[in-house]
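work_14.json (JSON, C-alpha atoms)
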[["chain", "number", "residue", "atom", "x", "y", "z"],
["A", 1, "GLY", "CA", 0.00, 0.00, 0.00],
["A", 2, "TRP", "CA", 0.84, 3.69, -0.06],
["A", 3, "TYR", "CA", 1.73, 5.12, 3.34],
["A", 4, "ASN", "CA", 3.62, 8.14, 4.62],
["A", 5, "ARG", "CA", 3.55, 6.90, 8.18],
["A", 6, "ARG", "CA", 3.42, 3.48, 9.80],
["A", 7, "PRO", "CA", 0.41, 1.55, 8.46],
["A", 8, "PRO", "CA", -2.25, 0.71, 11.06],
["A", 9, "GLN", "CA", -1.41, -2.41, 13.03],
["A", 10, "PRO", "CA", -4.52, -4.32, 11.80],
["A", 11, "THR", "CA", -3.35, -3.68, 8.21],
["A", 12, "LEU", "CA", 0.15, -4.93, 9.03],
["A", 13, "ASP", "CA", -1.24, -7.96, 10.84],
["A", 14, "ALA", "CA", -3.44, -8.88, 7.87],
["A", 15, "ALA", "CA", -0.54, -8.47, 5.41],
["A", 16, "LEU", "CA", 1.80, -10.55, 7.58],
["A", 17, "GLU", "CA", -0.85, -13.26, 7.87],
["A", 18, "LEU", "CA", -1.18, -13.41, 4.09],
["A", 19, "ARG", "CA", 2.58, -13.88, 3.79],
["A", 20, "GLU", "CA", 2.70, -16.47, 6.57],
["A", 21, "LYS", "CA", -0.07, -18.49, 4.90],
["A", 22, "GLY", "CA", 1.77, -18.36, 1.57],
["A", 23, "ARG", "CA", -0.94, -16.35, -0.18],
["A", 24, "VAL", "CA", 1.59, -13.65, -1.01],
["A", 25, "ARG", "CA", 5.32, -14.07, -1.31],
["A", 26, "SER", "CA", 6.40, -10.50, -0.61],
["A", 27, "LEU", "CA", 5.10, -7.31, 0.96],
["A", 28, "MET", "CA", 5.83, -3.96, -0.65],
["A", 29, "MET", "CA", 5.13, -0.46, 0.60],
["A", 30, "SER", "CA", 5.08, 2.81, -1.32],
["A", 31, "GLY", "CA", 5.06, 6.37, -0.08],
["A", 32, "HIS", "CA", 6.21, 9.91, -0.79],
["A", 33, "GLN", "CA", 7.95, 10.64, 2.52],
["A", 34, "ARG", "CA", 11.41, 9.37, 1.63],
["A", 35, "THR", "CA", 12.83, 9.61, 5.14],
["A", 36, "PHE", "CA", 10.14, 7.21, 6.31],
["A", 37, "PHE", "CA", 11.48, 4.22, 4.31],
["A", 38, "PRO", "CA", 14.59, 3.72, 6.46],
["A", 39, "GLU", "CA", 12.40, 3.89, 9.56],
["A", 40, "MET", "CA", 10.12, 1.15, 8.21],
["A", 41, "ALA", "CA", 13.12, -0.92, 7.12],
["A", 42, "ARG", "CA", 14.18, -1.19, 10.76],
["A", 43, "ASP", "CA", 10.93, -3.06, 11.48],
["A", 44, "GLY", "CA", 11.82, -5.74, 8.92],
["A", 45, "ILE", "CA", 8.20, -6.13, 7.79],
["A", 46, "PHE", "CA", 8.47, -5.16, 4.12],
["A", 47, "ASP", "CA", 10.41, -7.04, 1.49],
["A", 48, "LEU", "CA", 10.32, -4.17, -1.02],
["A", 49, "PHE", "CA", 9.86, -0.43, -1.08],
["A", 50, "MET", "CA", 8.46, 1.42, -4.07],
["A", 51, "VAL", "CA", 10.37, 4.72, -4.16],
["A", 52, "ARG", "CA", 9.92, 7.67, -6.50],
["A", 53, "TYR", "CA", 13.27, 7.94, -8.26],
["A", 54, "ASN", "CA", 14.25, 9.34, -11.63],
["A", 55, "ALA", "CA", 16.72, 11.79, -13.16],
["A", 56, "ALA", "CA", 14.61, 14.74, -11.97],
["A", 57, "HIS", "CA", 13.76, 13.31, -8.52],
["A", 58, "ARG", "CA", 17.00, 12.04, -7.02],
["A", 59, "GLY", "CA", 16.34, 12.74, -3.34],
["A", 60, "ALA", "CA", 16.32, 9.01, -2.63],
["A", 61, "GLU", "CA", 20.07, 9.04, -3.32],
["A", 62, "ARG", "CA", 20.45, 11.07, -0.09],
["A", 63, "GLU", "CA", 17.43, 10.17, 2.01],
["A", 64, "VAL", "CA", 16.67, 6.52, 1.29],
["A", 65, "PHE", "CA", 19.42, 4.46, -0.30],
["A", 66, "PRO", "CA", 22.29, 5.23, 2.12],
["A", 67, "ALA", "CA", 19.99, 5.01, 5.16],
["A", 68, "LEU", "CA", 18.77, 1.46, 4.47],
["A", 69, "PRO", "CA", 20.43, -1.60, 5.97],
["A", 70, "ALA", "CA", 23.09, -3.33, 3.91],
["A", 71, "PRO", "CA", 22.16, -6.46, 1.96],
["A", 72, "PRO", "CA", 20.89, -9.03, 2.67],
["A", 73, "GLU", "CA", 18.74, -7.19, 5.25],
["A", 74, "ARG", "CA", 18.00, -4.31, 2.87],
["A", 75, "PRO", "CA", 14.53, -4.46, 1.33],
["A", 76, "GLY", "CA", 14.40, -4.49, -2.45],
["A", 77, "ILE", "CA", 13.90, -1.16, -4.18],
["A", 78, "CYS", "CA", 11.40, -0.63, -6.99],
["A", 79, "ALA", "CA", 11.79, 2.78, -8.65],
["A", 80, "TYR", "CA", 8.67, 4.34, -10.09],
["A", 81, "THR", "CA", 7.93, 7.40, -12.26],
["A", 82, "ALA", "CA", 11.16, 6.73, -14.21],
["A", 83, "THR", "CA", 10.06, 9.11, -16.97],
["A", 84, "ARG", "CA", 8.75, 11.67, -14.46],
["A", 85, "TRP", "CA", 5.25, 11.23, -15.82],
["A", 86, "GLY", "CA", 6.62, 11.63, -19.36],
["A", 87, "SER", "CA", 8.19, 15.05, -18.81],
["A", 88, "LEU", "CA", 11.74, 13.69, -19.26],
["A", 89, "LEU", "CA", 10.69, 12.59, -22.76],
["A", 90, "GLU", "CA", 9.59, 16.06, -23.92],
["A", 91, "ALA", "CA", 12.08, 18.07, -25.99],
["A", 92, "LYS", "CA", 10.41, 21.36, -25.01],
["A", 93, "ARG", "CA", 11.36, 20.77, -21.36],
["A", 94, "LEU", "CA", 15.07, 20.28, -22.10],
["A", 95, "PRO", "CA", 17.82, 22.75, -22.94],
["A", 96, "ALA", "CA", 18.16, 23.58, -26.63],
["A", 97, "GLY", "CA", 20.45, 21.14, -28.38],
["A", 98, "GLU", "CA", 20.32, 18.52, -25.62],
["A", 99, "ARG", "CA", 19.45, 14.99, -26.69],
["A", 100, "VAL", "CA", 15.97, 13.97, -25.53],
["A", 101, "PRO", "CA", 15.91, 10.86, -23.31],
["A", 102, "SER", "CA", 13.84, 7.88, -24.36],
["A", 103, "ALA", "CA", 11.84, 5.78, -21.93],
["A", 104, "ALA", "CA", 14.62, 3.18, -22.16],
["A", 105, "ASP", "CA", 17.18, 5.84, -21.13],
["A", 106, "CYS", "CA", 15.02, 6.71, -18.13],
["A", 107, "TYR", "CA", 14.69, 3.06, -17.09],
["A", 108, "ARG", "CA", 18.43, 2.54, -17.53],
["A", 109, "PHE", "CA", 19.13, 5.66, -15.43],
["A", 110, "CYS", "CA", 17.19, 4.16, -12.53],
["A", 111, "LEU", "CA", 18.68, 0.70, -12.95],
["A", 112, "SER", "CA", 22.19, 2.20, -13.05],
["A", 113, "HIS", "CA", 21.94, 3.02, -9.36],
["A", 114, "PRO", "CA", 23.27, 0.02, -7.41],
["A", 115, "ASP", "CA", 20.47, 0.24, -4.83],
["A", 116, "VAL", "CA", 17.66, 0.02, -7.40],
["A", 117, "ASP", "CA", 16.54, -3.55, -8.05],
["A", 118, "MET", "CA", 13.71, -2.94, -10.49],
["A", 119, "VAL", "CA", 11.83, -0.20, -12.28],
["A", 120, "LEU", "CA", 8.08, -0.06, -12.59],
["A", 121, "CYS", "CA", 6.90, 0.68, -16.09],
["A", 122, "GLY", "CA", 3.40, 0.86, -17.51],
["A", 123, "PRO", "CA", 3.59, -0.15, -21.14],
["A", 124, "ALA", "CA", 0.57, 0.78, -23.21],
["A", 125, "ASP", "CA", 1.32, -1.66, -26.02],
["A", 126, "GLY", "CA", 3.67, -4.38, -27.20],
["A", 127, "GLU", "CA", 6.21, -1.89, -28.56],
["A", 128, "GLN", "CA", 6.56, -0.29, -25.14],
["A", 129, "VAL", "CA", 7.08, -3.74, -23.62],
["A", 130, "LYS", "CA", 9.94, -4.26, -26.08],
["A", 131, "VAL", "CA", 11.44, -0.89, -25.10],
["A", 132, "ALA", "CA", 11.37, -1.83, -21.43],
["A", 133, "CYS", "CA", 13.01, -5.18, -22.13],
["A", 134, "GLN", "CA", 15.65, -3.54, -24.32],
["A", 135, "ALA", "CA", 16.40, -1.11, -21.51],
["A", 136, "ARG", "CA", 17.08, -4.00, -19.17],
["A", 137, "ALA", "CA", 19.33, -5.64, -21.72],
["A", 138, "GLY", "CA", 21.18, -2.34, -22.28],
["A", 139, "GLY", "CA", 22.74, -2.45, -18.83],
["A", 140, "PRO", "CA", 23.86, 0.52, -16.76],
["A", 141, "LEU", "CA", 24.48, 3.91, -18.32],
["A", 142, "ASP", "CA", 28.11, 4.91, -18.72],
["A", 143, "PRO", "CA", 29.41, 8.00, -16.83],
["A", 144, "ASP", "CA", 28.78, 10.37, -19.78],
["A", 145, "GLU", "CA", 25.22, 9.08, -20.16],
["A", 146, "LEU", "CA", 24.60, 9.44, -16.42],
["A", 147, "ALA", "CA", 25.85, 13.03, -16.54],
["A", 148, "TRP", "CA", 23.56, 13.75, -19.52],
["A", 149, "MET", "CA", 20.53, 12.27, -17.73],
["A", 150, "ARG", "CA", 21.32, 14.29, -14.59],
["A", 151, "ARG", "CA", 21.52, 17.47, -16.70],
["A", 152, "ALA", "CA", 18.18, 16.62, -18.28],
["A", 153, "GLY", "CA", 16.67, 15.89, -14.87],
["A", 154, "ASP", "CA", 18.03, 19.08, -13.37],
["A", 155, "HIS", "CA", 16.55, 21.10, -16.21],
["A", 156, "VAL", "CA", 13.14, 19.39, -16.03],
["A", 157, "SER", "CA", 12.96, 19.80, -12.25],
["A", 158, "GLY", "CA", 14.06, 23.43, -12.33],
["A", 159, "ARG", "CA", 17.30, 22.82, -10.43],
["A", 160, "ALA", "CA", 19.34, 23.98, -13.45],
["A", 161, "ALA", "CA", 17.70, 27.43, -13.35],
["A", 162, "LEU", "CA", 18.08, 27.60, -9.58],
["A", 163, "GLY", "CA", 21.77, 26.79, -9.92],
["A", 164, "ARG", "CA", 22.22, 29.62, -12.45],
["A", 165, "LEU", "CA", 20.56, 32.06, -10.03],
["A", 166, "MET", "CA", 22.93, 31.02, -7.27],
["A", 167, "ASP", "CA", 26.11, 31.39, -9.39]]

Once more with this new file: its structure as structure tokens, please.
Amino acid sequence: GWYNRRPPQPTLDAALELREKGRVRSLMMSGHQRTFFPEMARDGIFDLFMVRYNAAHRGAEREVFPALPAPPERPGICAYTATRWGSLLEAKRLPAGERVPSAADCYRFCLSHPDVDMVLCGPADGEQVKVACQARAGGPLDPDELAWMRRAGDHVSGRAALGRLMD
């Protein structure tokens, strides 16, 4: 489920019972309060966390990933909104002359982080399924590609403009 604070105990009890009875294999929690994930990880209840992470929203690199336990105790991480709701794919949102990321680039950006285990994607058709599979096969981005995606993300999120104002 989606929670920004500890789920109610009856909800946790019901979820744990489902796992104990073998009706579900894993429990995953999502939320928008990034600092809450490490707190929940200490309880050891959830097997996975669904964390908003993309080139424009990289706060998890500071507030989630380094604060989680080390493997094998660390819950799995599923990144979502890899394309930032499609805005990372729009040329008009990027600096002039900058290459426009594809969905595959966005998926690869997320998967390039060593703490991300999987990326949620919502393909609308068979072609988009192929793109997602090709992204997985493409492996991690190289350092130049990572820098490009970070520039794109900074521009889309407005951090690039903020940085210019602070120079």

So for range 98-102 of chain A, what box centre and size do we get, axis-aligned, 6 Å extra on each of the six sides, every listed atom, Å to one decimal, as JSON?
{"center_x": 17.1, "center_y": 13.2, "center_z": -25.0, "size_x": 18.5, "size_y": 22.6, "size_z": 15.4}

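Closest approach to Gly44 in chain A among A:Gly153, A:Gly138, A:Gly76, A:Gly59: A:Gly76, based on only C-alpha atoms.
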
query = What residues have an atom no more than 7 Å from (14.9, 0.9, -8.1) in the file's own frame, counting only C-alpha atoms, and can you write them as number ranges by chain?
reply = A: 77-79, 110-111, 115-119

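You will find CA of Val131 in chain A at 13.3 Å from CA of Ala82 in chain A.
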
query = Near Cys106 in chain A, counting all atoms listed in the file, which residues have an atom at most 9 Å away, once you skip same-chain residues fewer than 4 positions from it, shown as a count of residues only?
reply = 13

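Among the candidates A:Ala56, A:His113, A:Asp47, A:Phe65, the residue lying nearest to Gly158 in chain A is A:Ala56 (atoms considered: all atoms listed in the file).
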
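Of the residues under consideration (A:Ala41, A:Ala91, A:Ala103, A:Cys121), A:Ala41 shows the shortest atom-to-atom contact distance to Glu73 in chain A when counting all atoms listed in the file.
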
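Distances to Arg58 in chain A were evaluated for A:Glu90, A:Ser157, A:Ser26, A:Pro143 using only C-alpha atoms, and the minimum falls at A:Ser157.
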
task = Give me, please, the distance in Å between CA of Asp154 in chain A and CA of Arg136 in chain A, quoted to one decimal.
result = 23.8 Å

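For the residues A:Gly97, A:Phe109, A:Thr35, A:Lys92, ranking by smallest atom-to-atom distance to Leu68 in chain A using all atoms listed in the file places A:Thr35 first.
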
remark   = Correct to one decimal, the distance CA of Gly126 in chain A-CA of Met29 in chain A is 28.1 Å

message = Under the rule that all atoms listed in the file are counted, which of A:Ala124, A:Ala14, A:Ala60, A:Leu146 is the nearest residue to Asp105 in chain A?
response = A:Leu146

message = Around the point (7.3, 5.1, -2.3) (coordinates from the file), which residues reach within 12 Å if we count all atoms listed in the file? Answer as JSON, numbers by chain.
response = {"A": [1, 2, 3, 4, 5, 28, 29, 30, 31, 32, 33, 34, 35, 36, 37, 38, 40, 48, 49, 50, 51, 52, 53, 59, 60, 64, 76, 77, 78, 79, 80, 81, 120]}
